[in-house]
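Heads up, the thing below is written out as structure tokens.
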Amino acid sequence: MRRRRAAVAAGFCASFLLGSVLNVLFAPGSEPPRPGQSPGPSPAPGPGRRGGRGELARQIRARYEEVQRYSRGGPGPGAGRPERRRLMDLAPGGPGLQRPRPPRARPLPDGAPGWPPAPGPGSPGPGPRLGCAALRNVSGAQYLGSGYTKAVYRVRLPGGAAVALKAVDFSGHDLGSCVREFGARRGCYRLAAHKLLKEMVLLERLRHPNVLQLYGYCYQDSEDIPDTLTTITELGAPVEMIQLLQTSWEDRFRICLSLGRLLHHLAHSPLGSVTLLDFRPRQFVLVDGELKVTDLDDARVEETPCTGNADCTLEFPARNFTLPCSAQGWCEAMNEKRNLYNAYRFFFTYLLPHSAPPSLRPLLDSIVNATGELSWGVDETLAQLEKVLHLYRSGKYLQNSTAGSQAEYQRLPDSTISQEDYRCWPSYHHGGCLLSVFNLAEAVDICENHAQCQAFVVTNQTTWTGRQLVFFKTGWSHVVPDPSKTTYVRVSG
Ligand SMILES: Nc1ncnc2c1ncn2[C@@H]1O[C@H](COP(=O)(O)OP(=O)(O)O)[C@@H](O)[C@H]1O
Ligand SMILES: [Mg+2]
């Protein structure tokens, strides 16, 4: 499915897709998003359908009430939100279907309270909040991905900043299966749109460096459906596990630490302990190397009610856990532990231990084991991840691991070696061996451990932990001037 859509995006990006995406998202009464998917009039529920309109209305109401709970609940900055009016419009029995067609697109009122800042042309920073006006002259629309409910596109704003747009996927499984069941396209749109609305409310209420930033939203007519919702968010890159397995331990650790910080935040959020019922890697994106959750429509705050421990079973494909039922009749820490075990099975077990610095392995193994057994909570897990960061960043992990090399290296300031590269794994550079080091001693140590290494070049670039990037080389017959680098060549030993 993903590949098919990627192919569509590539093939039609410049012409068809740009036109159709913009049409469907921004122009009422226009073409549907992809060929062969013209919605046509909504058929009446037929005899073969399971649910009636009453059932659909019940489901919409349940979602509506959930969104209301999240936009009101807790002491966070959620009260009196600008989406409230729209939320009412989408409410079952509300004016959404009956009232006259609204104007095409209404901008978010200036100064609406509680919205996060919009991105400036380069980096995110304080700026106007984004609404429909921001979407009028976007360019370079590109399909990024879709899941069960939503389709996500990348667009460039007139100022140059690239953002992600999320909308209900008109050809998605969620809308499709609802229409098959109830035969009511607009009603089904409303049902699906409440998921997007819920996500928008949660993105806003759960703001955190590891929660995708919401920049704004726009309601506008689209196809035969009035008031479709598009959310405007920070742009990320979909998480590709295969790719992550090929990156440095330092970058993989960053993802695990991001996740630990996110889970800690979710467990102590203003709404209560939030659990992600759908926790697969595709619900996250990477923004400048940081992991951020993007899909929040399957998040849940309520803990599971119980009368005994038997009601508190956490079920996973490979194993089950039984948690205690509290005196208050709730499964204790079930939301937090569900997140934690998912973090273990989808991320930690693959990303944390492999090719880690040997002295950190015992601590990393204990994190993997404890989360796999659910013997720690989120607080302890994060404390241990932060400890790993401290040991790594401070160079303390190097103690006892550097043997003290006998080899001598000559320093050639303001110079680099062109060519004479060799490949190593996992390198920050495909064609050469580019690794991060804490200090010169670690660079020497690495060079001594690589049979091909005869020299190395210290760059002025640093990684996210502040470590310096160093090119390792097979020789030094091509030393050339470069004021931003220092070359070290092996002269004896
Ligand atoms: N901000 C974003 N930047 C880049 N890609 C994104 C972004 N948000 C989502 N995606 C991609 O789009 C896909 C669908 O988005 P998601 O919110 O998970 O929709 P659904 O609820 O349908 O699963 C994700 O799996 C992810 O790959
Ligand atoms: Mg998803």
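Lettering and numbering for the structure tokens are positional, with chains as A, B, ... in the shown order, residues counted from 1 in each chain, and ligands counted from 1 in the shown order.
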Please write out the residues within 10 Å of ligand 1 as number ranges by chain, counting only C-alpha atoms and all ligand atoms. A: 2, 143-154, 162-169, 172-174, 192, 195-196, 199, 212-214, 231-240, 278-287, 292-298
Contact residues around Trp425 in chain A with only C-alpha atoms at 10 Å, ignoring same-chain residues under 4 positions, as a compact mmCIF listing (two decimals) with N, CA and C atoms, in the first residue's frame:
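Final output, part_39.txt:
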# COMPACT_ATOMS: atom_id res chain seq x y z
N GLN A 246 20.86 0.75 10.72
CA GLN A 246 22.14 1.01 10.08
C GLN A 246 22.81 2.28 10.58
N THR A 247 22.18 2.99 11.50
CA THR A 247 22.79 4.24 11.96
C THR A 247 23.66 3.97 13.19
N SER A 248 24.38 5.01 13.60
CA SER A 248 25.31 4.86 14.73
C SER A 248 24.55 4.56 16.01
N SER A 355 26.20 -2.63 19.06
CA SER A 355 27.36 -1.78 18.80
C SER A 355 27.45 -0.59 19.76
N HIS A 429 29.27 8.60 7.24
CA HIS A 429 29.50 8.94 5.84
C HIS A 429 29.56 7.64 5.05
N HIS A 430 28.81 7.58 3.93
CA HIS A 430 28.73 6.31 3.21
C HIS A 430 30.06 5.89 2.59
N GLY A 432 33.16 6.81 3.42
CA GLY A 432 34.36 6.76 4.26
C GLY A 432 34.04 6.30 5.66
N CYS A 433 35.05 6.42 6.52
CA CYS A 433 34.84 6.02 7.91
C CYS A 433 34.79 7.29 8.76
N LEU A 434 33.59 7.72 9.09
CA LEU A 434 33.39 8.95 9.88
C LEU A 434 32.69 8.57 11.17
N LEU A 435 33.41 8.72 12.28
CA LEU A 435 32.86 8.30 13.58
C LEU A 435 32.96 9.47 14.56
Separation of CA of Leu469 in chain A from CA of Gln410 in chain A in Å: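 For CA of Gln410 in chain A relative to CA of Leu469 in chain A, the distance reads 18.7 Å.
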Within 9 Å of range 323-339 of chain A, counting only C-alpha atoms, which residues show up once you throw out same-chain ones fewer than 6 positions away? Write them as a PyMOL selection string, please. chain A and resi 263-264+266-267+273-277+279+300-315+371+374+376-378
Save out the residues we just selected, N, CA and C atoms, as a compact mmCIF listing (two decimals), in the first residue's frame.
# COMPACT_ATOMS: atom_id res chain seq x y z
N LEU A 263 7.58 8.89 27.11
CA LEU A 263 6.74 8.04 27.96
C LEU A 263 6.62 8.62 29.37
N HIS A 264 7.70 9.24 29.84
CA HIS A 264 7.65 9.88 31.15
C HIS A 264 6.64 11.02 31.12
N LEU A 266 4.08 11.34 29.06
CA LEU A 266 2.72 10.80 28.91
C LEU A 266 2.20 10.25 30.24
N ALA A 267 3.09 9.64 31.01
CA ALA A 267 2.66 9.06 32.29
C ALA A 267 2.29 10.14 33.31
N SER A 273 -2.47 9.69 32.99
CA SER A 273 -1.50 8.82 32.34
C SER A 273 -2.03 8.38 30.98
N VAL A 274 -1.34 8.81 29.93
CA VAL A 274 -1.82 8.58 28.56
C VAL A 274 -1.16 7.32 28.00
N THR A 275 -1.94 6.43 27.43
CA THR A 275 -1.37 5.25 26.79
C THR A 275 -1.64 5.29 25.29
N LEU A 276 -0.70 4.77 24.53
CA LEU A 276 -0.86 4.75 23.07
C LEU A 276 -1.26 3.33 22.68
N LEU A 277 -2.51 3.18 22.29
CA LEU A 277 -3.01 1.83 21.99
C LEU A 277 -2.37 1.28 20.72
N PHE A 279 1.02 1.51 18.94
CA PHE A 279 2.36 2.02 19.28
C PHE A 279 3.40 1.65 18.23
N ARG A 300 -5.29 6.89 24.82
CA ARG A 300 -6.37 6.77 25.80
C ARG A 300 -5.84 7.21 27.16
N VAL A 301 -6.69 7.88 27.91
CA VAL A 301 -6.27 8.38 29.22
C VAL A 301 -6.83 7.51 30.33
N GLU A 302 -8.03 7.04 30.17
CA GLU A 302 -8.70 6.30 31.24
C GLU A 302 -7.93 5.02 31.57
N GLU A 303 -7.71 4.77 32.86
CA GLU A 303 -7.12 3.48 33.27
C GLU A 303 -8.23 2.43 33.25
N THR A 304 -7.82 1.17 33.19
CA THR A 304 -8.79 0.09 33.08
C THR A 304 -9.44 -0.20 34.44
N PRO A 305 -10.78 -0.20 34.51
CA PRO A 305 -11.43 -0.53 35.79
C PRO A 305 -11.31 -2.02 36.08
N CYS A 306 -11.29 -2.38 37.37
CA CYS A 306 -11.12 -3.80 37.72
C CYS A 306 -11.80 -4.12 39.05
N THR A 307 -12.08 -5.40 39.21
CA THR A 307 -12.57 -5.86 40.52
C THR A 307 -11.52 -6.78 41.16
N GLY A 308 -10.61 -7.30 40.37
CA GLY A 308 -9.54 -8.16 40.88
C GLY A 308 -8.39 -8.15 39.89
N ASN A 309 -7.23 -8.73 40.30
CA ASN A 309 -6.04 -8.73 39.44
C ASN A 309 -6.31 -9.39 38.09
N ALA A 310 -7.22 -10.34 38.09
CA ALA A 310 -7.49 -11.06 36.83
C ALA A 310 -8.01 -10.12 35.74
N ASP A 311 -8.58 -8.99 36.16
CA ASP A 311 -9.07 -8.02 35.15
C ASP A 311 -7.92 -7.20 34.56
N CYS A 312 -6.75 -7.32 35.16
CA CYS A 312 -5.65 -6.43 34.78
C CYS A 312 -4.57 -7.17 33.99
N THR A 313 -4.98 -7.81 32.93
CA THR A 313 -4.01 -8.54 32.12
C THR A 313 -3.63 -7.70 30.91
N LEU A 314 -2.32 -7.50 30.78
CA LEU A 314 -1.80 -6.80 29.59
C LEU A 314 -1.39 -7.88 28.60
N GLU A 315 -2.02 -7.89 27.45
CA GLU A 315 -1.74 -8.97 26.50
C GLU A 315 -0.91 -8.48 25.32
N THR A 371 12.70 -3.49 31.13
CA THR A 371 11.49 -3.07 30.41
C THR A 371 10.81 -4.30 29.80
N LEU A 374 8.92 -5.73 32.54
CA LEU A 374 8.09 -4.71 33.20
C LEU A 374 8.41 -4.60 34.69
N TRP A 376 10.52 -2.37 35.94
CA TRP A 376 10.65 -0.94 36.27
C TRP A 376 9.44 -0.19 35.72
N GLY A 377 9.16 0.95 36.34
CA GLY A 377 8.17 1.87 35.78
C GLY A 377 8.88 2.83 34.83
N VAL A 378 8.10 3.79 34.33
CA VAL A 378 8.65 4.76 33.38
C VAL A 378 9.70 5.66 34.05
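For the pair CA of Cys132 in chain A and CA of Ile225 in chain A, the interatomic distance is 16.7 Å.
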List as a list in words the protein and nucleic acid residues near range 477-481 of chain A, meaning an atom at most 7 Å away when only C-alpha atoms are counted, but skip any in the same chain fewer than 6 places from it.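 Within the cut-off, the hits are Asp414, Ser415, Thr416, Ile417 and Ser418 of chain A.
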Could those residues be written to a file, using N, CA and C atoms, as a PDB file, in the first residue's frame?
ATOM      1  N   ASP A 414      45.296  22.646  10.606  1.00  0.00           N
ATOM      2  CA  ASP A 414      44.688  23.275   9.420  1.00  0.00           C
ATOM      3  C   ASP A 414      44.880  22.448   8.160  1.00  0.00           C
ATOM      4  N   SER A 415      44.655  21.156   8.275  1.00  0.00           N
ATOM      5  CA  SER A 415      44.825  20.319   7.082  1.00  0.00           C
ATOM      6  C   SER A 415      43.857  19.142   7.120  1.00  0.00           C
ATOM      7  N   THR A 416      43.660  18.569   5.931  1.00  0.00           N
ATOM      8  CA  THR A 416      42.848  17.366   5.840  1.00  0.00           C
ATOM      9  C   THR A 416      43.500  16.416   4.832  1.00  0.00           C
ATOM     10  N   ILE A 417      42.971  15.216   4.723  1.00  0.00           N
ATOM     11  CA  ILE A 417      43.486  14.261   3.741  1.00  0.00           C
ATOM     12  C   ILE A 417      42.391  14.035   2.718  1.00  0.00           C
ATOM     13  N   SER A 418      42.693  14.359   1.461  1.00  0.00           N
ATOM     14  CA  SER A 418      41.676  14.086   0.449  1.00  0.00           C
ATOM     15  C   SER A 418      41.855  12.624   0.026  1.00  0.00           C
TER      16      SER A 418
END
Surrounding residues of Asp365 in chain A excluding itself and chain neighbours under 3 positions, 10 Å, only C-alpha atoms, as a list in words: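 Using only C-alpha atoms, the neighbours found are Phe348, Thr349, Leu352, Pro353, Leu360, Arg361, Pro362, Val368, Asn369, Ala370 and Thr371 of chain A.
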From the options A:Ser359, A:Leu340, A:Gln419, A:Lys473, which residue's atoms come nearest to Ser375 in chain A, counting only C-alpha atoms?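 So, comparing all the options, the nearest one is A:Leu340.
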Write down as a PyMOL selection string the residues of range 191-367 of chain A whose backbone DSSP state falls under alpha helix (DSSP H). chain A and resi 191-205+241-245+249-267+334-343+349-351+361-367
Which value, in Å to one decimal, gives the distance between CA of Glu373 in chain A and CA of Pro317 in chain A? 14.3 Å
Residue contacts of Gln452 in chain A (10 Å, only C-alpha atoms) excluding same-chain residues fewer than 4 positions away, as a PyMOL selection string: chain A and resi 421-423+447-448+472-475
Store the residues picked out above, limited to N, CA and C atoms, as a PDB file, in the first residue's frame.
ATOM      1  N   ASP A 421      40.166   7.045   1.782  1.00  0.00           N
ATOM      2  CA  ASP A 421      39.099   6.647   2.698  1.00  0.00           C
ATOM      3  C   ASP A 421      38.966   5.138   2.753  1.00  0.00           C
ATOM      4  N   TYR A 422      38.439   4.653   3.823  1.00  0.00           N
ATOM      5  CA  TYR A 422      38.003   3.260   3.876  1.00  0.00           C
ATOM      6  C   TYR A 422      36.633   3.234   4.553  1.00  0.00           C
ATOM      7  N   ARG A 423      35.941   2.154   4.357  1.00  0.00           N
ATOM      8  CA  ARG A 423      34.600   2.078   4.932  1.00  0.00           C
ATOM      9  C   ARG A 423      34.619   1.382   6.279  1.00  0.00           C
ATOM     10  N   CYS A 447      41.678   4.267  15.775  1.00  0.00           N
ATOM     11  CA  CYS A 447      42.620   4.080  14.665  1.00  0.00           C
ATOM     12  C   CYS A 447      43.486   2.837  14.921  1.00  0.00           C
ATOM     13  N   GLU A 448      43.895   2.661  16.161  1.00  0.00           N
ATOM     14  CA  GLU A 448      44.730   1.491  16.490  1.00  0.00           C
ATOM     15  C   GLU A 448      43.969   0.173  16.327  1.00  0.00           C
ATOM     16  N   PHE A 472      38.541   8.622   9.546  1.00  0.00           N
ATOM     17  CA  PHE A 472      39.700   7.731   9.653  1.00  0.00           C
ATOM     18  C   PHE A 472      40.170   7.368   8.244  1.00  0.00           C
ATOM     19  N   LYS A 473      41.512   7.311   8.052  1.00  0.00           N
ATOM     20  CA  LYS A 473      42.082   7.226   6.709  1.00  0.00           C
ATOM     21  C   LYS A 473      43.105   6.090   6.591  1.00  0.00           C
ATOM     22  N   THR A 474      43.297   5.649   5.343  1.00  0.00           N
ATOM     23  CA  THR A 474      44.257   4.544   5.118  1.00  0.00           C
ATOM     24  C   THR A 474      45.692   5.047   4.934  1.00  0.00           C
ATOM     25  N   GLY A 475      45.882   6.333   4.727  1.00  0.00           N
ATOM     26  CA  GLY A 475      47.236   6.859   4.516  1.00  0.00           C
ATOM     27  C   GLY A 475      47.188   8.373   4.526  1.00  0.00           C
TER      28      GLY A 475
END
Smallest atom-to-atom distance to Leu262 in chain A: which of A:Tyr217, A:Asp379, A:Pro226, A:Glu250, using only C-alpha atoms?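 The shortest atom-to-atom distance to Leu262 in chain A comes from A:Asp379.
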If DSSP is run on the backbone, what residues of range 99-316 of chain A are strand (DSSP E)? A reply as an MDAnalysis selection string would be ideal. chainID A and resid 105:106 139:146 150:156 162:168 214:222 225:233 237:238 275:276 284:287 290:293 299:300 313:315
